[in-house]
$ cat start_29.pdb   # PDB, C-alpha atoms
MODEL        1
ATOM      1  CA  MET Q  54    -148.440  -7.141 -36.213
ATOM      2  CA  VAL Q  55    -146.930  -9.621 -33.763
ATOM      3  CA  VAL Q  56    -149.805 -12.035 -34.331
ATOM      4  CA  ARG Q  57    -149.397 -11.650 -38.104
ATOM      5  CA  PHE Q  58    -145.664 -12.309 -37.759
ATOM      6  CA  PHE Q  59    -146.396 -15.334 -35.554
ATOM      7  CA  MET Q  60    -148.706 -16.777 -38.194
ATOM      8  CA  LEU Q  61    -146.245 -16.109 -41.023
ATOM      9  CA  GLN Q  62    -143.565 -18.114 -39.196
ATOM     10  CA  SER Q  63    -145.408 -21.310 -40.118
ATOM     11  CA  HIS Q  64    -146.519 -22.646 -43.462
ATOM     12  CA  TYR Q  65    -150.209 -21.921 -43.984
ATOM     13  CA  SER Q  66    -151.056 -25.640 -44.099
ATOM     14  CA  SER Q  67    -149.341 -26.490 -40.811
ATOM     15  CA  THR Q  68    -150.808 -26.387 -37.326
ATOM     16  CA  LEU Q  69    -150.006 -23.375 -35.157
ATOM     17  CA  ASP Q  70    -148.785 -23.828 -31.578
ATOM     18  CA  PHE Q  71    -150.461 -20.798 -30.047
ATOM     19  CA  SER Q  72    -149.072 -19.967 -26.587
ATOM     20  CA  ASN Q  73    -147.778 -16.983 -24.645
ATOM     21  CA  GLU Q  74    -144.210 -18.246 -25.035
ATOM     22  CA  ALA Q  75    -144.619 -18.550 -28.797
ATOM     23  CA  LEU Q  76    -146.098 -15.043 -28.993
ATOM     24  CA  ASN Q  77    -143.272 -13.616 -26.885
ATOM     25  CA  ALA Q  78    -140.729 -15.246 -29.189
ATOM     26  CA  ALA Q  79    -142.625 -13.905 -32.210
ATOM     27  CA  GLU Q  80    -142.571 -10.415 -30.707
ATOM     28  CA  LYS Q  81    -138.784 -10.551 -30.355
ATOM     29  CA  GLY Q  82    -138.432 -11.751 -33.943
ATOM     30  CA  TYR Q  83    -140.836  -9.104 -35.211
ATOM     31  CA  LYS Q  84    -138.916  -6.331 -33.422
ATOM     32  CA  ARG Q  85    -135.624  -7.596 -34.817
ATOM     33  CA  LEU Q  86    -137.026  -7.617 -38.346
ATOM     34  CA  MET Q  87    -138.486  -4.116 -37.910
ATOM     35  CA  GLU Q  88    -135.108  -2.864 -36.686
ATOM     36  CA  GLY Q  89    -133.514  -4.301 -39.828
ATOM     37  CA  LEU Q  90    -136.182  -2.603 -41.920
ATOM     38  CA  LYS Q  91    -135.497   0.719 -40.200
ATOM     39  CA  ILE Q  92    -131.777   0.328 -40.912
ATOM     40  CA  SER Q  93    -132.516  -0.538 -44.543
ATOM     41  CA  LYS Q  94    -134.524   2.652 -44.968
ATOM     42  CA  SER Q  95    -131.847   4.834 -43.382
ATOM     43  CA  LEU Q  96    -128.739   3.367 -45.047
ATOM     44  CA  ALA Q  97    -126.985   5.299 -47.762
ATOM     45  CA  TYR Q  98    -124.697   3.663 -50.280
ATOM     46  CA  GLU Q  99    -121.014   4.359 -49.730
ATOM     47  CA  GLY Q 100    -118.704   3.219 -52.487
ATOM     48  CA  GLY Q 101    -115.757   0.988 -51.905
ATOM     49  CA  SER Q 102    -114.059  -2.113 -53.166
ATOM     50  CA  GLU Q 103    -116.558  -4.788 -54.103
ATOM     51  CA  ASP Q 104    -116.374  -8.198 -52.461
ATOM     52  CA  LYS Q 105    -117.535 -10.898 -54.885
ATOM     53  CA  GLU Q 106    -118.309 -13.278 -52.013
ATOM     54  CA  VAL Q 107    -120.649 -10.782 -50.322
ATOM     55  CA  ALA Q 108    -122.252  -9.877 -53.656
ATOM     56  CA  ALA Q 109    -122.875 -13.558 -54.478
ATOM     57  CA  LYS Q 110    -124.419 -14.089 -51.035
ATOM     58  CA  VAL Q 111    -126.727 -11.072 -51.490
ATOM     59  CA  GLU Q 112    -127.830 -12.245 -54.934
ATOM     60  CA  LYS Q 113    -128.510 -15.711 -53.501
ATOM     61  CA  GLN Q 114    -130.630 -14.190 -50.705
ATOM     62  CA  ILE Q 115    -132.695 -12.127 -53.151
ATOM     63  CA  ASP Q 116    -133.265 -15.205 -55.342
ATOM     64  CA  ALA Q 117    -134.190 -17.239 -52.240
ATOM     65  CA  LEU Q 118    -136.942 -14.749 -51.361
ATOM     66  CA  PHE Q 119    -138.607 -15.304 -54.711
ATOM     67  CA  GLU Q 120    -138.042 -19.074 -54.663
ATOM     68  CA  ASN Q 121    -139.522 -19.499 -51.194
ATOM     69  CA  MET Q 122    -142.614 -17.458 -51.955
ATOM     70  CA  SER Q 123    -143.033 -19.352 -55.240
ATOM     71  CA  ASP Q 124    -142.758 -22.638 -53.317
ATOM     72  CA  ASP Q 125    -146.391 -22.818 -52.166
ATOM     73  CA  PHE Q 126    -146.168 -19.402 -50.474
ATOM     74  CA  ASN Q 127    -143.594 -20.590 -47.930
ATOM     75  CA  THR Q 128    -143.537 -17.542 -45.659
ATOM     76  CA  ALA Q 129    -141.529 -19.327 -42.957
ATOM     77  CA  LYS Q 130    -138.544 -19.829 -45.268
ATOM     78  CA  ALA Q 131    -138.938 -16.327 -46.680
ATOM     79  CA  LEU Q 132    -138.787 -14.925 -43.136
ATOM     80  CA  ALA Q 133    -135.608 -16.900 -42.506
ATOM     81  CA  VAL Q 134    -134.036 -15.201 -45.541
ATOM     82  CA  LEU Q 135    -135.287 -11.800 -44.338
ATOM     83  CA  PHE Q 136    -133.510 -12.450 -41.035
ATOM     84  CA  GLU Q 137    -130.289 -13.212 -42.938
ATOM     85  CA  ILE Q 138    -130.699  -9.897 -44.727
ATOM     86  CA  THR Q 139    -131.385  -8.210 -41.369
ATOM     87  CA  THR Q 140    -128.033  -9.530 -40.143
ATOM     88  CA  LEU Q 141    -126.394  -8.060 -43.233
ATOM     89  CA  MET Q 142    -128.144  -4.721 -42.607
ATOM     90  CA  ASN Q 143    -126.817  -4.733 -39.041
ATOM     91  CA  ASN Q 144    -123.320  -5.416 -40.414
ATOM     92  CA  PHE Q 145    -123.691  -2.518 -42.851
ATOM     93  CA  LYS Q 146    -124.764  -0.224 -40.013
ATOM     94  CA  SER Q 147    -121.974  -1.281 -37.655
ATOM     95  CA  GLY Q 148    -119.344  -1.061 -40.380
ATOM     96  CA  ASN Q 149    -118.399  -4.750 -40.183
ATOM     97  CA  VAL Q 150    -119.275  -4.864 -43.893
ATOM     98  CA  THR Q 151    -119.263  -1.743 -46.031
ATOM     99  CA  THR Q 152    -122.099  -1.087 -48.430
ATOM    100  CA  GLY Q 153    -119.385  -0.744 -51.059
ATOM    101  CA  ALA Q 154    -118.827  -4.505 -50.805
ATOM    102  CA  ILE Q 155    -121.680  -4.766 -53.321
ATOM    103  CA  SER Q 156    -122.470  -2.629 -56.325
ATOM    104  CA  GLN Q 157    -124.838   0.300 -55.929
ATOM    105  CA  GLU Q 158    -127.313  -1.416 -58.249
ATOM    106  CA  LEU Q 159    -127.279  -4.570 -56.096
ATOM    107  CA  PHE Q 160    -127.536  -2.460 -52.931
ATOM    108  CA  ASN Q 161    -130.639  -0.712 -54.313
ATOM    109  CA  THR Q 162    -132.128  -4.043 -55.427
ATOM    110  CA  LEU Q 163    -131.483  -5.565 -52.008
ATOM    111  CA  ASN Q 164    -133.192  -2.671 -50.210
ATOM    112  CA  LYS Q 165    -136.107  -2.668 -52.652
ATOM    113  CA  HIS Q 166    -136.787  -6.388 -52.231
ATOM    114  CA  PHE Q 167    -136.123  -6.454 -48.481
ATOM    115  CA  GLN Q 168    -138.567  -3.610 -47.904
ATOM    116  CA  GLY Q 169    -141.023  -4.883 -50.528
ATOM    117  CA  PHE Q 170    -141.210  -8.432 -49.196
ATOM    118  CA  THR Q 171    -141.445  -7.277 -45.587
ATOM    119  CA  GLU Q 172    -144.042  -4.547 -46.040
ATOM    120  CA  ASP Q 173    -145.913  -5.293 -49.252
ATOM    121  CA  VAL Q 174    -145.819  -9.082 -49.613
ATOM    122  CA  LEU Q 175    -145.964 -10.129 -45.947
ATOM    123  CA  GLY Q 176    -147.781  -6.995 -44.803
ATOM    124  CA  LEU Q 177    -145.523  -6.368 -41.818
ATOM    125  CA  GLN Q 178    -145.456  -2.719 -40.808
ATOM    126  CA  GLU Q 179    -143.846  -0.939 -37.914
ATOM    127  CA  GLU Q 180    -146.445  -0.477 -35.202
ATOM    128  CA  LYS Q 181    -147.085   3.046 -34.052
ATOM    129  CA  GLU Q 182    -147.794   1.892 -30.502
ATOM    130  CA  SER Q 183    -144.521   3.213 -29.159
ATOM    131  CA  GLN Q 184    -145.358   6.707 -30.411
ATOM    132  CA  ASP Q 185    -148.838   6.481 -28.882
ATOM    133  CA  ALA Q 186    -147.300   5.392 -25.587
ATOM    134  CA  LYS Q 187    -144.964   8.400 -25.672
ATOM    135  CA  LEU Q 188    -147.892  10.702 -26.431
ATOM    136  CA  GLY Q 189    -149.793   9.204 -23.493
ATOM    137  CA  GLY Q 190    -146.799   9.835 -21.243
ATOM    138  CA  VAL Q 191    -146.616  13.481 -22.335
ATOM    139  CA  ILE Q 192    -150.344  13.965 -21.720
ATOM    140  CA  ASP Q 193    -150.050  12.316 -18.290
ATOM    141  CA  LEU Q 194    -147.209  14.710 -17.463
ATOM    142  CA  LEU Q 195    -149.327  17.703 -18.495
ATOM    143  CA  ILE Q 196    -152.208  16.398 -16.380
ATOM    144  CA  GLU Q 197    -149.847  16.175 -13.396
ATOM    145  CA  VAL Q 198    -148.607  19.737 -13.984
ATOM    146  CA  ARG Q 199    -152.236  20.880 -14.234
ATOM    147  CA  GLN Q 200    -153.135  19.137 -10.968
ATOM    148  CA  ASN Q 201    -150.151  20.743  -9.225
ATOM    149  CA  ALA Q 202    -151.243  24.142 -10.561
ATOM    150  CA  LYS Q 203    -154.774  23.551  -9.223
ATOM    151  CA  ALA Q 204    -153.387  22.525  -5.829
ATOM    152  CA  ALA Q 205    -151.348  25.752  -5.779
ATOM    153  CA  LYS Q 206    -154.547  27.645  -6.711
ATOM    154  CA  ASN Q 207    -152.993  28.712 -10.015
ATOM    155  CA  TYR Q 208    -156.264  28.342 -11.909
ATOM    156  CA  GLN Q 209    -155.066  30.454 -14.818
ATOM    157  CA  LEU Q 210    -152.312  27.920 -15.655
ATOM    158  CA  SER Q 211    -154.657  25.002 -15.003
ATOM    159  CA  ASP Q 212    -157.258  26.394 -17.403
ATOM    160  CA  LYS Q 213    -154.611  27.232 -20.009
ATOM    161  CA  ILE Q 214    -153.314  23.646 -20.036
ATOM    162  CA  ARG Q 215    -156.876  22.303 -20.370
ATOM    163  CA  ASP Q 216    -157.794  24.773 -23.140
ATOM    164  CA  ASP Q 217    -154.549  24.307 -25.089
ATOM    165  CA  LEU Q 218    -154.918  20.516 -24.973
ATOM    166  CA  LYS Q 219    -158.537  20.883 -26.125
ATOM    167  CA  ALA Q 220    -157.360  22.987 -29.075
ATOM    168  CA  LEU Q 221    -154.947  20.155 -29.975
ATOM    169  CA  GLY Q 222    -157.731  17.557 -29.843
ATOM    170  CA  VAL Q 223    -157.219  16.223 -26.317
ATOM    171  CA  THR Q 224    -160.202  16.468 -23.988
ATOM    172  CA  LEU Q 225    -159.545  16.308 -20.246
ATOM    173  CA  LYS Q 226    -162.255  14.912 -17.972
ATOM    174  CA  ASP Q 227    -161.959  15.521 -14.244
ATOM    175  CA  GLY Q 228    -163.586  12.871 -12.083
ATOM    176  CA  LYS Q 229    -163.506  11.331  -8.619
ATOM    177  CA  GLU Q 230    -160.692   8.974  -9.593
ATOM    178  CA  GLY Q 231    -158.573  11.729 -11.141
ATOM    179  CA  THR Q 232    -158.269  13.269 -14.569
ATOM    180  CA  GLU Q 233    -158.739  11.163 -17.680
ATOM    181  CA  TYR Q 234    -158.260  12.195 -21.279
ATOM    182  CA  SER Q 235    -159.614  11.251 -24.658
ATOM    183  CA  LEU Q 236    -158.338  12.016 -28.128
ATOM    184  CA  ASP Q 237    -160.894  13.743 -30.342
TER     185      ASP Q 237
ENDMDL
END

$ encode --input "start_29.pdb" --output "structure tokens"
Amino acid sequence: MVVRFFMLQSHYSSTLDFSNEALNAAEKGYKRLMEGLKISKSLAYEGGSEDKEVAAKVEKQIDALFENMSDDFNTAKALAVLFEITTLMNNFKSGNVTTGAISQELFNTLNKHFQGFTEDVLGLQEEKESQDAKLGGVIDLLIEVRQNAKAAKNYQLSDKIRDDLKALGVTLKDGKEGTEYSLD
């Protein structure tokens, strides 16, 4: 996803400057946009007094998304607008701006287009890597507990951990270098 985001930051007809620094910057931008997307999905509309200035700005941002994509598929400018919307989402979350500053219809339209352009048009999705890393950490912890049980000659617990993990689709393989696992 970071590489996709990196490529979308430039117009398709321009040359890409591919470097580690550029990829690191793209990763930060991608994570910021995904955080805004997460906020957008979790926000609930709370009524309040509408602010015509905020509403006009939101309408302008929505229009800009369509204009930029209609302008020779200018993903770089569309991403810039998505970052403006991300800032607004952060303000909604922090309470700096209430969702009631815009009408509920405009709020729903904003969320629909923000999520639609990010996920459906640009194809940017939240990566599941962080969940896989957490799962790996949990399995490593269970392997350590199993090894401690073996060292304490508690073979019943050791076998139970191995068998229960196997039932969940995790196969443990004991070797010279330690225990490895694979997901079935």

$ atom_distance --input "start_29.pdb" --atom1 "atom CA of Q:Tyr234" --atom2 "atom CA of Q:Arg215"
10.2 Å

$ resolve_selection --input "start_29.pdb" --expression "the PyMOL selection byres ((chain Q and resi 133-148) around 10)" --output "ChimeraX atom specification"
/Q:62,82-83,85-93,95-98,107,110-111,113-118,121,128-132,149-154,163-164,166-168,170-171

$ atom_distance --input "start_29.pdb" --atom1 "atom CA of Q:Glu120" --atom2 "atom CA of Q:His64"
14.5 Å

$ atom_distance --input "start_29.pdb" --atom1 "atom CA of Q:Gly222" --atom2 "atom CA of Q:Lys206"
25.4 Å

$ closest_residue --input "start_29.pdb" --among "Q:Gly176, Q:Ile192, Q:Asp125, Q:Gln157" --to "Q:Thr224" --atoms "all atoms listed in the file"
Q:Ile192

$ closest_residue --input "start_29.pdb" --among "Q:Leu69, Q:Leu221, Q:Leu194, Q:Val55" --to "Q:Lys81" --atoms "all atoms listed in the file"
Q:Val55

$ closest_residue --input "start_29.pdb" --among "Q:Glu99, Q:Asp227, Q:Glu180, Q:Asp173" --to "Q:Arg199" --atoms "all atoms listed in the file"
Q:Asp227
